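Peer 1: To be precise about what I am sending: the file is called coords_3.pdb and holds PDB, C-alpha atoms and all ligand atoms.
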ATOM      1  CA  MET K 951     227.063 285.192   8.770
ATOM      2  CA  ALA K 952     226.343 287.446   5.795
ATOM      3  CA  LEU K 953     222.763 287.503   4.623
ATOM      4  CA  ASP K 954     222.449 286.968   0.904
ATOM      5  CA  GLU K 955     219.267 288.420  -0.586
ATOM      6  CA  ILE K 956     219.466 286.148  -3.619
ATOM      7  CA  LYS K 957     219.718 283.059  -1.425
ATOM      8  CA  ILE K 958     216.636 284.222   0.512
ATOM      9  CA  THR K 959     214.744 284.723  -2.740
ATOM     10  CA  ARG K 960     215.849 281.328  -4.071
ATOM     11  CA  ALA K 961     214.808 279.617  -0.827
ATOM     12  CA  ILE K 962     211.298 281.066  -1.075
ATOM     13  CA  ILE K 963     210.853 280.195  -4.739
ATOM     14  CA  GLU K 964     212.267 276.667  -4.412
ATOM     15  CA  ARG K 965     210.319 275.764  -1.282
ATOM     16  CA  PHE K 966     207.036 277.202  -2.558
ATOM     17  CA  THR K 967     207.461 275.437  -5.881
ATOM     18  CA  GLU K 968     208.195 272.148  -4.118
ATOM     19  CA  LYS K 969     205.007 272.520  -2.065
ATOM     20  CA  PHE K 970     202.887 273.570  -5.012
ATOM     21  CA  LEU K 971     204.128 270.800  -7.329
ATOM     22  CA  ASP K 972     203.320 268.278  -4.620
ATOM     23  CA  CYS K 973     199.684 269.451  -4.685
ATOM     24  CA  LEU K 974     198.949 269.271  -8.408
ATOM     25  CA  ASP K 975     197.330 265.882  -7.890
ATOM     26  CA  LEU K 976     195.277 265.531  -4.713
ATOM     27  CA  ASP K 977     192.879 263.195  -2.967
ATOM     28  CA  VAL K 978     190.798 266.199  -1.936
ATOM     29  CA  ALA K 979     190.849 269.852  -3.024
ATOM     30  CA  ILE K 980     188.967 272.278  -0.784
ATOM     31  CA  VAL K 981     187.683 275.625  -2.000
ATOM     32  CA  GLY K 982     187.748 278.165   0.841
ATOM     33  CA  GLY K 983     189.624 278.172   4.138
ATOM     34  CA  GLY K 984     186.785 279.105   6.503
ATOM     35  CA  VAL K 985     185.721 277.019   9.490
ATOM     36  CA  SER K 986     184.215 274.089   7.608
ATOM     37  CA  GLY K 987     187.064 273.945   5.079
ATOM     38  CA  LEU K 988     189.709 273.949   7.794
ATOM     39  CA  VAL K 989     187.990 271.259   9.870
ATOM     40  CA  ALA K 990     187.520 269.089   6.764
ATOM     41  CA  ALA K 991     191.190 269.485   5.775
ATOM     42  CA  TRP K 992     192.364 268.774   9.330
ATOM     43  CA  ARG K 993     190.348 265.565   9.586
ATOM     44  CA  LEU K 994     191.298 264.330   6.095
ATOM     45  CA  ALA K 995     194.990 265.007   6.736
ATOM     46  CA  GLN K 996     194.725 263.177  10.047
ATOM     47  CA  LYS K 997     193.419 260.189   8.090
ATOM     48  CA  GLY K 998     196.454 260.345   5.819
ATOM     49  CA  ARG K 999     194.722 261.893   2.806
ATOM     50  CA  LYS K1000     196.503 264.289   0.485
ATOM     51  CA  VAL K1001     194.481 267.456   0.882
ATOM     52  CA  ALA K1002     194.908 271.151   0.141
ATOM     53  CA  ILE K1003     192.831 274.277   0.673
ATOM     54  CA  PHE K1004     192.771 277.130  -1.839
ATOM     55  CA  GLU K1005     191.773 280.381  -0.148
ATOM     56  CA  ARG K1006     191.119 283.627  -1.966
ATOM     57  CA  LYS K1007     192.085 285.962   0.862
ATOM     58  CA  LEU K1008     195.382 286.673   2.599
ATOM     59  CA  SER K1009     193.968 285.303   5.842
ATOM     60  CA  ILE K1010     192.232 282.001   6.430
ATOM     61  CA  GLY K1011     189.480 281.443   9.001
ATOM     62  CA  GLY K1012     186.592 282.940   7.030
ATOM     63  CA  GLY K1013     183.850 284.241   9.307
ATOM     64  CA  MET K1014     185.243 282.897  12.576
ATOM     65  CA  TRP K1015     187.569 285.781  13.517
ATOM     66  CA  GLY K1016     184.687 288.142  14.194
ATOM     67  CA  GLY K1017     182.516 285.940  16.465
ATOM     68  CA  GLY K1018     179.049 287.497  16.333
ATOM     69  CA  MET K1019     178.798 291.076  15.064
ATOM     70  CA  MET K1020     182.508 291.613  15.830
ATOM     71  CA  PHE K1021     182.226 290.478  19.475
ATOM     72  CA  ASN K1022     185.093 288.028  19.104
ATOM     73  CA  GLU K1023     183.773 285.081  21.089
ATOM     74  CA  ILE K1024     182.307 282.011  19.424
ATOM     75  CA  VAL K1025     179.524 279.794  20.742
ATOM     76  CA  VAL K1026     179.540 276.041  20.204
ATOM     77  CA  GLN K1027     176.810 273.658  21.324
ATOM     78  CA  ASN K1028     177.395 270.407  23.253
ATOM     79  CA  GLU K1029     177.459 268.204  20.139
ATOM     80  CA  ALA K1030     180.547 269.929  18.745
ATOM     81  CA  LYS K1031     182.469 270.307  22.020
ATOM     82  CA  PRO K1032     184.494 267.110  21.354
ATOM     83  CA  ILE K1033     185.894 268.762  18.213
ATOM     84  CA  LEU K1034     187.046 271.803  20.216
ATOM     85  CA  ASP K1035     188.672 269.446  22.722
ATOM     86  CA  GLU K1036     190.362 267.341  20.094
ATOM     87  CA  LEU K1037     191.792 270.454  18.456
ATOM     88  CA  GLY K1038     192.978 271.756  21.830
ATOM     89  CA  ILE K1039     190.838 274.908  21.728
ATOM     90  CA  ALA K1040     190.108 276.123  25.264
ATOM     91  CA  SER K1041     186.418 276.658  25.983
ATOM     92  CA  ARG K1042     184.192 277.516  28.918
ATOM     93  CA  PRO K1043     180.717 276.115  29.557
ATOM     94  CA  TYR K1044     177.864 278.595  29.285
ATOM     95  CA  GLU K1045     174.692 277.403  30.988
ATOM     96  CA  ASP K1046     173.755 273.798  30.112
ATOM     97  CA  GLU K1047     174.003 273.498  26.368
ATOM     98  CA  TYR K1048     176.690 275.908  25.232
ATOM     99  CA  HIS K1049     180.418 276.529  25.317
ATOM    100  CA  THR K1050     182.264 279.710  24.424
ATOM    101  CA  ALA K1051     185.762 280.097  23.046
ATOM    102  CA  ASP K1052     187.901 283.074  22.163
ATOM    103  CA  ALA K1053     187.472 283.552  18.397
ATOM    104  CA  ILE K1054     191.140 284.374  17.891
ATOM    105  CA  GLU K1055     192.347 281.307  19.770
ATOM    106  CA  ALA K1056     189.784 279.134  17.986
ATOM    107  CA  THR K1057     190.793 280.358  14.527
ATOM    108  CA  THR K1058     194.554 280.276  15.029
ATOM    109  CA  THR K1059     194.536 276.881  16.762
ATOM    110  CA  LEU K1060     192.321 275.352  14.086
ATOM    111  CA  ALA K1061     194.602 276.708  11.359
ATOM    112  CA  SER K1062     197.726 275.519  13.142
ATOM    113  CA  GLN K1063     196.376 272.010  13.779
ATOM    114  CA  THR K1064     195.280 271.739  10.160
ATOM    115  CA  VAL K1065     198.766 272.500   8.859
ATOM    116  CA  LYS K1066     200.457 270.337  11.486
ATOM    117  CA  ALA K1067     198.201 267.410  10.540
ATOM    118  CA  GLY K1068     199.682 267.623   7.022
ATOM    119  CA  ALA K1069     197.118 269.609   5.019
ATOM    120  CA  ARG K1070     198.498 272.272   2.684
ATOM    121  CA  ILE K1071     196.942 275.717   2.588
ATOM    122  CA  PHE K1072     197.449 278.058  -0.344
ATOM    123  CA  ASN K1073     196.227 281.552   0.410
ATOM    124  CA  LEU K1074     195.832 284.334  -2.153
ATOM    125  CA  ILE K1075     194.637 281.798  -4.721
ATOM    126  CA  GLN K1076     191.039 281.796  -5.845
ATOM    127  CA  VAL K1077     189.062 279.089  -7.518
ATOM    128  CA  GLU K1078     187.345 280.299 -10.630
ATOM    129  CA  ASP K1079     186.079 277.058 -12.145
ATOM    130  CA  VAL K1080     186.123 273.285 -11.773
ATOM    131  CA  MET K1081     187.494 270.593 -14.107
ATOM    132  CA  LEU K1082     185.042 268.122 -15.574
ATOM    133  CA  ARG K1083     185.461 264.707 -17.217
ATOM    134  CA  GLU K1084     182.225 263.298 -18.596
ATOM    135  CA  ASP K1085     179.935 263.153 -15.571
ATOM    136  CA  ARG K1086     182.401 263.883 -12.781
ATOM    137  CA  VAL K1087     184.109 266.915 -11.277
ATOM    138  CA  THR K1088     187.821 266.106 -11.322
ATOM    139  CA  GLY K1089     189.583 269.192 -10.037
ATOM    140  CA  LEU K1090     189.879 272.954  -9.847
ATOM    141  CA  VAL K1091     190.812 275.870 -12.046
ATOM    142  CA  ILE K1092     192.818 278.348  -9.976
ATOM    143  CA  LEU K1093     194.196 281.846 -10.361
ATOM    144  CA  TRP K1094     196.113 284.293  -8.164
ATOM    145  CA  THR K1095     193.571 286.553  -6.452
ATOM    146  CA  ALA K1096     195.735 289.560  -7.337
ATOM    147  CA  VAL K1097     195.401 288.819 -11.060
ATOM    148  CA  ASP K1098     191.638 288.983 -10.784
ATOM    149  CA  MET K1099     191.718 292.117  -8.601
ATOM    150  CA  ALA K1100     193.935 293.901 -11.111
ATOM    151  CA  GLY K1101     191.739 292.777 -14.002
ATOM    152  CA  LEU K1102     194.757 291.307 -15.799
ATOM    153  CA  HIS K1103     194.268 289.093 -18.813
ATOM    154  CA  VAL K1104     196.128 286.024 -17.506
ATOM    155  CA  ASP K1105     195.145 282.379 -17.933
ATOM    156  CA  PRO K1106     194.501 280.215 -14.867
ATOM    157  CA  MET K1107     196.065 276.822 -14.028
ATOM    158  CA  THR K1108     194.630 273.527 -12.783
ATOM    159  CA  ILE K1109     194.682 271.091  -9.872
ATOM    160  CA  ARG K1110     193.496 267.472 -10.226
ATOM    161  CA  ALA K1111     191.558 265.988  -7.304
ATOM    162  CA  ARG K1112     189.537 262.851  -6.698
ATOM    163  CA  HIS K1113     187.079 264.911  -4.671
ATOM    164  CA  VAL K1114     186.336 268.647  -4.482
ATOM    165  CA  ILE K1115     184.610 270.303  -1.517
ATOM    166  CA  ASP K1116     182.939 273.686  -1.899
ATOM    167  CA  CYS K1117     183.445 275.463   1.451
ATOM    168  CA  THR K1118     183.033 279.008   0.149
ATOM    169  CA  GLY K1119     180.276 279.889   2.644
ATOM    170  CA  HIS K1120     177.184 281.824   1.615
ATOM    171  CA  ASP K1121     178.469 282.457  -1.898
ATOM    172  CA  VAL K1122     178.532 278.797  -3.000
ATOM    173  CA  GLU K1123     181.120 279.762  -5.584
ATOM    174  CA  ALA K1124     182.338 276.426  -6.962
ATOM    175  CA  VAL K1125     178.846 274.947  -7.265
ATOM    176  CA  LYS K1126     177.525 278.137  -8.874
ATOM    177  CA  VAL K1127     180.173 278.242 -11.571
ATOM    178  CA  PHE K1128     179.773 274.509 -12.210
ATOM    179  CA  LEU K1129     176.036 274.978 -12.771
ATOM    180  CA  ARG K1130     176.419 278.113 -14.869
ATOM    181  CA  LYS K1131     178.911 276.554 -17.263
ATOM    182  CA  ASN K1132     177.449 273.092 -17.663
ATOM    183  CA  GLN K1133     173.737 273.438 -18.228
ATOM    184  CA  PRO K1134     171.600 271.345 -18.217
ATOM    185  CA  VAL K1135     173.396 269.489 -15.378
ATOM    186  CA  ALA K1136     171.342 268.754 -12.278
ATOM    187  CA  LEU K1137     172.562 268.668  -8.684
ATOM    188  CA  ARG K1138     171.301 266.080  -6.188
ATOM    189  CA  THR K1139     168.951 268.657  -4.691
ATOM    190  CA  PRO K1140     165.149 268.745  -4.812
ATOM    191  CA  ASN K1141     165.151 271.328  -7.626
ATOM    192  CA  GLY K1142     168.363 270.210  -9.328
ATOM    193  CA  GLY K1143     169.967 273.563  -8.553
ATOM    194  CA  ILE K1144     170.901 275.795  -5.621
ATOM    195  CA  MET K1145     167.907 276.012  -3.281
ATOM    196  CA  GLY K1146     169.042 279.210  -1.489
ATOM    197  CA  GLU K1147     169.521 280.051   2.169
ATOM    198  CA  ARG K1148     166.472 280.713   4.349
ATOM    199  CA  SER K1149     165.978 283.153   7.260
ATOM    200  CA  MET K1150     167.301 282.631  10.786
ATOM    201  CA  TRP K1151     166.269 279.508  12.741
ATOM    202  CA  ALA K1152     169.344 278.326  14.588
ATOM    203  CA  GLU K1153     168.158 274.980  15.910
ATOM    204  CA  VAL K1154     166.877 273.626  12.625
ATOM    205  CA  GLY K1155     169.589 275.344  10.577
ATOM    206  CA  GLU K1156     172.408 273.752  12.562
ATOM    207  CA  LYS K1157     170.952 270.245  12.315
ATOM    208  CA  MET K1158     170.015 270.518   8.649
ATOM    209  CA  THR K1159     173.389 271.941   7.643
ATOM    210  CA  VAL K1160     175.075 268.826   8.964
ATOM    211  CA  GLU K1161     172.422 266.604   7.410
ATOM    212  CA  HIS K1162     172.771 268.351   4.040
ATOM    213  CA  THR K1163     176.554 268.010   3.990
ATOM    214  CA  SER K1164     176.825 265.739   0.982
ATOM    215  CA  GLU K1165     177.999 265.021  -2.549
ATOM    216  CA  VAL K1166     175.762 267.128  -4.809
ATOM    217  CA  TYR K1167     177.302 265.904  -8.070
ATOM    218  CA  PRO K1168     179.849 263.120  -8.604
ATOM    219  CA  GLY K1169     183.129 264.447  -7.187
ATOM    220  CA  LEU K1170     181.599 267.713  -5.905
ATOM    221  CA  TRP K1171     180.689 268.052  -2.211
ATOM    222  CA  VAL K1172     179.194 270.862  -0.121
ATOM    223  CA  ALA K1173     179.927 271.701   3.535
ATOM    224  CA  GLY K1174     179.364 274.579   5.964
ATOM    225  CA  MET K1175     177.193 277.501   4.878
ATOM    226  CA  THR K1176     177.558 276.222   1.311
ATOM    227  CA  ALA K1177     175.555 273.141   2.331
ATOM    228  CA  THR K1178     173.003 275.423   4.046
ATOM    229  CA  ALA K1179     172.559 277.496   0.897
ATOM    230  CA  THR K1180     172.746 274.671  -1.655
ATOM    231  CA  LEU K1181     170.172 272.454   0.031
ATOM    232  CA  GLY K1182     168.047 275.381   1.186
ATOM    233  CA  THR K1183     167.886 275.405   4.937
ATOM    234  CA  PHE K1184     167.787 278.097   7.606
ATOM    235  CA  ARG K1185     170.718 280.328   8.575
ATOM    236  CA  MET K1186     171.821 279.996  12.172
ATOM    237  CA  GLY K1187     173.809 283.056  13.183
ATOM    238  CA  PRO K1188     176.982 283.043  15.247
ATOM    239  CA  VAL K1189     176.947 279.476  16.526
ATOM    240  CA  PHE K1190     179.814 277.539  14.996
ATOM    241  CA  GLY K1191     179.151 273.925  16.007
ATOM    242  CA  GLY K1192     177.278 273.109  12.811
ATOM    243  CA  MET K1193     180.133 274.459  10.674
ATOM    244  CA  MET K1194     182.625 272.261  12.536
ATOM    245  CA  LEU K1195     180.419 269.164  12.494
ATOM    246  CA  SER K1196     179.786 269.697   8.790
ATOM    247  CA  GLY K1197     183.538 269.867   8.022
ATOM    248  CA  ASP K1198     184.071 266.750  10.107
ATOM    249  CA  LYS K1199     181.235 264.896   8.395
ATOM    250  CA  VAL K1200     182.334 265.674   4.834
ATOM    251  CA  ALA K1201     185.858 264.492   5.682
ATOM    252  CA  ARG K1202     184.609 261.195   7.080
ATOM    253  CA  LEU K1203     182.291 260.584   4.112
ATOM    254  CA  ILE K1204     185.041 261.264   1.582
ATOM    255  CA  ASP K1205     187.554 259.170   3.516
ATOM    256  CA  ALA K1206     185.108 256.263   3.466
ATOM    257  CA  GLU K1207     184.615 256.693  -0.266
ATOM    258  CA  LEU K1208     188.355 256.809  -0.916
ATOM    259  CA  LYS K1209     188.733 253.623   1.123
ATOM    260  CA  SER K1210     186.093 251.840  -0.892
ATOM    261  CA  GLY K1211     188.103 252.693  -4.028
TER
HETATM  262  C1  LIG U   1     176.269 288.573   5.516
HETATM  263  C2  LIG U   1     176.700 287.425   6.402
HETATM  264  C3  LIG U   1     175.751 286.690   7.048
HETATM  265  C4  LIG U   1     176.134 285.610   7.860
HETATM  266  N1  LIG U   1     175.164 284.855   8.396
HETATM  267  C5  LIG U   1     175.498 283.747   9.034
HETATM  268  C6  LIG U   1     174.520 282.854   9.484
HETATM  269  O1  LIG U   1     173.337 283.061   9.351
HETATM  270  N2  LIG U   1     174.908 281.731  10.094
HETATM  271  C7  LIG U   1     176.222 281.445  10.302
HETATM  272  O2  LIG U   1     176.564 280.410  10.867
HETATM  273  N3  LIG U   1     177.139 282.302   9.917
HETATM  274  C8  LIG U   1     176.840 283.418   9.278
HETATM  275  N4  LIG U   1     177.810 284.254   8.853
HETATM  276  C9  LIG U   1     179.214 284.067   9.290
HETATM  277  C10 LIG U   1     180.041 283.058   8.568
HETATM  278  O3  LIG U   1     179.780 283.042   7.203
HETATM  279  C11 LIG U   1     179.822 281.666   9.149
HETATM  280  O4  LIG U   1     179.572 281.607  10.459
HETATM  281  C12 LIG U   1     180.980 280.750   8.988
HETATM  282  O5  LIG U   1     182.175 281.436   8.966
HETATM  283  C13 LIG U   1     180.716 279.958   7.773
HETATM  284  O6  LIG U   1     181.701 278.995   7.678
HETATM  285  P1  LIG U   1     182.046 278.388   6.300
HETATM  286  O7  LIG U   1     183.181 277.469   6.547
HETATM  287  O8  LIG U   1     180.833 277.850   5.652
HETATM  288  O9  LIG U   1     182.506 279.611   5.374
HETATM  289  P2  LIG U   1     183.330 280.928   5.671
HETATM  290  O10 LIG U   1     183.854 280.981   7.045
HETATM  291  O11 LIG U   1     182.509 282.068   5.173
HETATM  292  O12 LIG U   1     184.583 280.754   4.708
HETATM  293  C14 LIG U   1     184.496 280.766   3.321
HETATM  294  C15 LIG U   1     185.899 281.025   2.787
HETATM  295  O13 LIG U   1     185.910 280.765   1.411
HETATM  296  C16 LIG U   1     186.698 281.736   0.771
HETATM  297  N5  LIG U   1     186.287 281.791  -0.637
HETATM  298  C17 LIG U   1     185.095 282.204  -1.130
HETATM  299  N6  LIG U   1     185.074 282.058  -2.470
HETATM  300  C18 LIG U   1     186.278 281.536  -2.826
HETATM  301  C19 LIG U   1     186.865 281.142  -4.064
HETATM  302  N7  LIG U   1     186.211 281.263  -5.226
HETATM  303  N8  LIG U   1     188.125 280.652  -4.064
HETATM  304  C20 LIG U   1     188.811 280.516  -2.910
HETATM  305  N9  LIG U   1     188.305 280.870  -1.702
HETATM  306  C21 LIG U   1     187.055 281.366  -1.662
HETATM  307  C22 LIG U   1     186.414 283.009   1.553
HETATM  308  O14 LIG U   1     187.433 283.968   1.368
HETATM  309  C23 LIG U   1     186.358 282.469   2.976
HETATM  310  O15 LIG U   1     187.608 282.481   3.627
HETATM  311  C24 LIG U   1     177.494 285.332   8.054
HETATM  312  C25 LIG U   1     178.445 286.093   7.393
HETATM  313  C26 LIG U   1     178.060 287.125   6.568
HETATM  314  C27 LIG U   1     179.136 287.925   5.858
END
Could I get this structure in the form of structure tokens?
Ligand SMILES: Cc1cc2nc3c(=O)[nH]c(=O)nc-3n(C[C@H](O)[C@H](O)[C@H](O)COP(=O)(O)OP(=O)(O)OC[C@H]3O[C@@H](n4cnc5c(N)ncnc54)[C@H](O)[C@@H]3O)c2cc1C
Peer 2:
Amino acid sequence: MALDEIKITRAIIERFTEKFLDCLDLDVAIVGGGVSGLVAAWRLAQKGRKVAIFERKLSIGGGMWGGGMMFNEIVVQNEAKPILDELGIASRPYEDEYHTADAIEATTTLASQTVKAGARIFNLIQVEDVMLREDRVTGLVILWTAVDMAGLHVDPMTIRARHVIDCTGHDVEAVKVFLRKNQPVALRTPNGGIMGERSMWAEVGEKMTVEHTSEVYPGLWVAGMTATATLGTFRMGPVFGGMMLSGDKVARLIDAELKSG
């Protein structure tokens, strides 16, 4: 069989375009493909929701690849062990409360299960703004990461979504741009804005991150370290259970809201 370079090129363009067109109108658009974003997309796809992640970098997985300080093992507490099991990520108990998993296996398996469940992941695309209709966030404004890196003067495009989740980690990017461009809007936080992340206190930080996983403005949700920073709780260091539980929680809350119409 002779390989035809033009056919290969056409196959890539046609299949990507097919995939991309199918995601212009979503149930849920997720900003950032780190741990919380992947778990949220996996769970929503499992529930039959049309969901896509837009990730700025070439690789997804966010901060999970590097474990703690580049020792590539992750620690998960008892509460989140069922998520590891459901995903099929091998783990070993460590003393009474903890489980460890290889960070590479955890990241690759999570990514694989997310795609296999039916979520779409678009890497190399960054979110630079949200769409707004009256008092509701209704989608994302997206641009190729490379355009931004090269400083090119190119207009972005848009994705419509019934719900948007900011999973951009510490940087809280979608919420920040929403606040900056739409003053005097107020978030559902004690100060109406981003409270800011506090210093390390793992036990409280983990619990509060899950508790603070919520809708901070109609149509705009926060999960993972974005919830930690937006609602102002403590950082927790390299324990990943809270990130996973937060992704799981936001997916269940949004699914329930979609069900209720
Ligand atoms: C300085 C530093 C301190 C840390 N401290 C802690 C800590 O205290 N506790 C803790 O648990 N973890 C910490 N981490 C590790 C890591 O951030 C988290 O453990 C974990 O990965 C957070 O998960 P997440 O899903 O919230 O976000 P992340 O895993 O960080 O994933 C966020 C993803 O969003 C993407 N993204 C960001 N902006 C955009 C955009 N505009 N458009 C598209 N994609 C975007 C990023 O490329 C990334 O892939 C730290 C990391 C750093 C760099």
Peer 1: Can you work out which residues are within 7 Å of ligand LIG 1 (chain U), considering all atoms listed in the file, and then hand them over as a ChimeraX atom specification?
Peer 2: /K:981-987,1004-1007,1010-1014,1075-1078,1117-1121,1123-1124,1150,1173-1176,1185-1190,1193
Peer 1: Here's the selection I'm unsure about, the PyMOL selection byres (((chain K and resi 1016-1024) around 6) and not hetatm); applied to the file above, which residues does it give, as a ChimeraX atom specification?
Peer 2: /K:1014-1015,1025,1050-1053,1188
Peer 1: Kindly indicate which residue among K:Lys997, K:Ala1111, K:Thr1059, K:Glu1153 lies nearest to Arg1083 of chain K, using all atoms listed in the file for the distances.
Peer 2: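 So, comparing all the options, the nearest one is K:Ala1111.
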Peer 1: Enter the distance from atom CA of Lys969 of chain K to atom CA of Met1099 of chain K, in Å, rounded to one decimal.
Peer 2: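 Atom CA of Met1099 of chain K lies at a distance of 24.6 Å from atom CA of Lys969 of chain K.
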Peer 1: At what distance in Å, to one decimal, does atom CA of Leu976 of chain K lie from atom CA of Leu1060 of chain K?
Peer 2: 21.4 Å
Peer 1: Mind checking which residues fall within 10 Å of Ala979 of chain K, counting all atoms listed in the file, ignoring those fewer than 6 positions away in the same chain, and posting them as a list in words?
Peer 2: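 After dropping sequence-adjacent residues, the list is Cys973, Gly987, Ala991, Lys1000, Val1001, Ala1002, Ile1003, Phe1004, Arg1070, Thr1088, Gly1089, Leu1090, Ile1109, Arg1110, Ala1111, Arg1112, His1113, Val1114, Ile1115, Asp1116 and Leu1170 of chain K.
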Peer 1: When distances are computed from only C-alpha atoms, which of K:Met1107, K:Val1200, K:Met1194, K:Ala961 shows the smallest separation from His1162 of chain K?
Peer 2: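 Closest to His1162 of chain K, using only C-alpha atoms: K:Val1200.
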Peer 1: Translate the PyMOL selection byres (((chain K and resi 1198) around 12) and not hetatm) into a concrete residue list for this structure, as a VMD selection string.
Peer 2: chain K and resid 985 to 997 1030 1032 to 1034 1036 to 1037 1160 to 1161 1163 to 1164 1173 to 1174 1191 to 1197 1199 to 1205
Peer 1: What does the PyMOL selection byres (((chain K and resi 1048) around 6) and not hetatm) select in this file, as a ChimeraX atom specification?
Peer 2: /K:1026-1028,1043-1044,1047,1049
Peer 1: Report, in Å with one decimal, the straight-line distance from atom CA of Thr967 of chain K to atom CA of Arg999 of chain K.
Peer 2: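 That distance, rounded to one decimal, is 20.5 Å.
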Peer 1: With all atoms of segment 1197-1206 of chain K from the file as input, state the centre and edge lengths in Å to one decimal of the axis-aligned box that has 8 Å extra on each side, as JSON.
Peer 2:
{"center_x": 184.4, "center_y": 263.1, "center_z": 5.8, "size_x": 22.3, "size_y": 29.6, "size_z": 24.5}
Peer 1: Give the answer as one residue: which of K:Val1104, K:Ile963, K:Val1122, K:Ala1136 has the shortest atom-to-atom distance to Gly1182 of chain K, using all atoms listed in the file?
Peer 2: K:Val1122
Peer 1: When distances are computed from all atoms listed in the file, which of K:Ile1039, K:Leu1181, K:Ala1100, K:Ile1092 shows the smallest separation from Asp1079 of chain K?
Peer 2: K:Ile1092
Peer 1: Would you please work out which residue, of K:Val1135, K:Ile962, K:Ala1067, K:Leu1074, is nearest to Arg1086 of chain K when using only C-alpha atoms?
Peer 2: K:Val1135
Peer 1: As a PDB file, in the coordinates of the input, please: segment 1033-1050 of chain K completed to N, CA and C atoms.
Peer 2:
ATOM      1  N   ILE K1033     184.975 268.279  19.266  1.00  0.00           N
ATOM      2  CA  ILE K1033     185.894 268.762  18.213  1.00  0.00           C
ATOM      3  C   ILE K1033     186.804 269.853  18.783  1.00  0.00           C
ATOM      4  N   LEU K1034     186.209 270.767  19.572  1.00  0.00           N
ATOM      5  CA  LEU K1034     187.046 271.803  20.216  1.00  0.00           C
ATOM      6  C   LEU K1034     188.127 271.143  21.057  1.00  0.00           C
ATOM      7  N   ASP K1035     187.720 270.128  21.828  1.00  0.00           N
ATOM      8  CA  ASP K1035     188.672 269.446  22.722  1.00  0.00           C
ATOM      9  C   ASP K1035     189.769 268.755  21.933  1.00  0.00           C
ATOM     10  N   GLU K1036     189.371 268.076  20.877  1.00  0.00           N
ATOM     11  CA  GLU K1036     190.362 267.341  20.094  1.00  0.00           C
ATOM     12  C   GLU K1036     191.372 268.292  19.454  1.00  0.00           C
ATOM     13  N   LEU K1037     190.893 269.471  19.063  1.00  0.00           N
ATOM     14  CA  LEU K1037     191.792 270.454  18.456  1.00  0.00           C
ATOM     15  C   LEU K1037     192.659 271.153  19.501  1.00  0.00           C
ATOM     16  N   GLY K1038     192.238 271.058  20.771  1.00  0.00           N
ATOM     17  CA  GLY K1038     192.978 271.756  21.830  1.00  0.00           C
ATOM     18  C   GLY K1038     192.579 273.217  21.954  1.00  0.00           C
ATOM     19  N   ILE K1039     191.335 273.530  21.594  1.00  0.00           N
ATOM     20  CA  ILE K1039     190.838 274.908  21.728  1.00  0.00           C
ATOM     21  C   ILE K1039     190.173 275.038  23.100  1.00  0.00           C
ATOM     22  N   ALA K1040     190.659 275.956  23.912  1.00  0.00           N
ATOM     23  CA  ALA K1040     190.108 276.123  25.264  1.00  0.00           C
ATOM     24  C   ALA K1040     188.694 276.679  25.169  1.00  0.00           C
ATOM     25  N   SER K1041     187.791 276.134  25.992  1.00  0.00           N
ATOM     26  CA  SER K1041     186.418 276.658  25.983  1.00  0.00           C
ATOM     27  C   SER K1041     185.879 276.667  27.400  1.00  0.00           C
ATOM     28  N   ARG K1042     184.830 277.458  27.597  1.00  0.00           N
ATOM     29  CA  ARG K1042     184.192 277.516  28.918  1.00  0.00           C
ATOM     30  C   ARG K1042     182.715 277.200  28.757  1.00  0.00           C
ATOM     31  N   PRO K1043     182.157 276.395  29.673  1.00  0.00           N
ATOM     32  CA  PRO K1043     180.717 276.115  29.557  1.00  0.00           C
ATOM     33  C   PRO K1043     179.898 277.380  29.797  1.00  0.00           C
ATOM     34  N   TYR K1044     178.796 277.482  29.079  1.00  0.00           N
ATOM     35  CA  TYR K1044     177.864 278.595  29.285  1.00  0.00           C
ATOM     36  C   TYR K1044     176.472 277.992  29.442  1.00  0.00           C
ATOM     37  N   GLU K1045     175.940 278.085  30.649  1.00  0.00           N
ATOM     38  CA  GLU K1045     174.692 277.403  30.988  1.00  0.00           C
ATOM     39  C   GLU K1045     174.812 275.915  30.609  1.00  0.00           C
ATOM     40  N   ASP K1046     173.682 275.255  30.269  1.00  0.00           N
ATOM     41  CA  ASP K1046     173.755 273.798  30.112  1.00  0.00           C
ATOM     42  C   ASP K1046     174.248 273.310  28.760  1.00  0.00           C
ATOM     43  N   GLU K1047     173.862 274.039  27.724  1.00  0.00           N
ATOM     44  CA  GLU K1047     174.003 273.498  26.368  1.00  0.00           C
ATOM     45  C   GLU K1047     175.199 274.036  25.594  1.00  0.00           C
ATOM     46  N   TYR K1048     175.745 275.163  26.071  1.00  0.00           N
ATOM     47  CA  TYR K1048     176.690 275.908  25.232  1.00  0.00           C
ATOM     48  C   TYR K1048     178.094 275.958  25.811  1.00  0.00           C
ATOM     49  N   HIS K1049     179.033 276.283  24.927  1.00  0.00           N
ATOM     50  CA  HIS K1049     180.418 276.529  25.317  1.00  0.00           C
ATOM     51  C   HIS K1049     180.880 277.752  24.537  1.00  0.00           C
ATOM     52  N   THR K1050     181.721 278.561  25.161  1.00  0.00           N
ATOM     53  CA  THR K1050     182.264 279.710  24.424  1.00  0.00           C
ATOM     54  C   THR K1050     183.775 279.543  24.305  1.00  0.00           C
TER      55      THR K1050
END
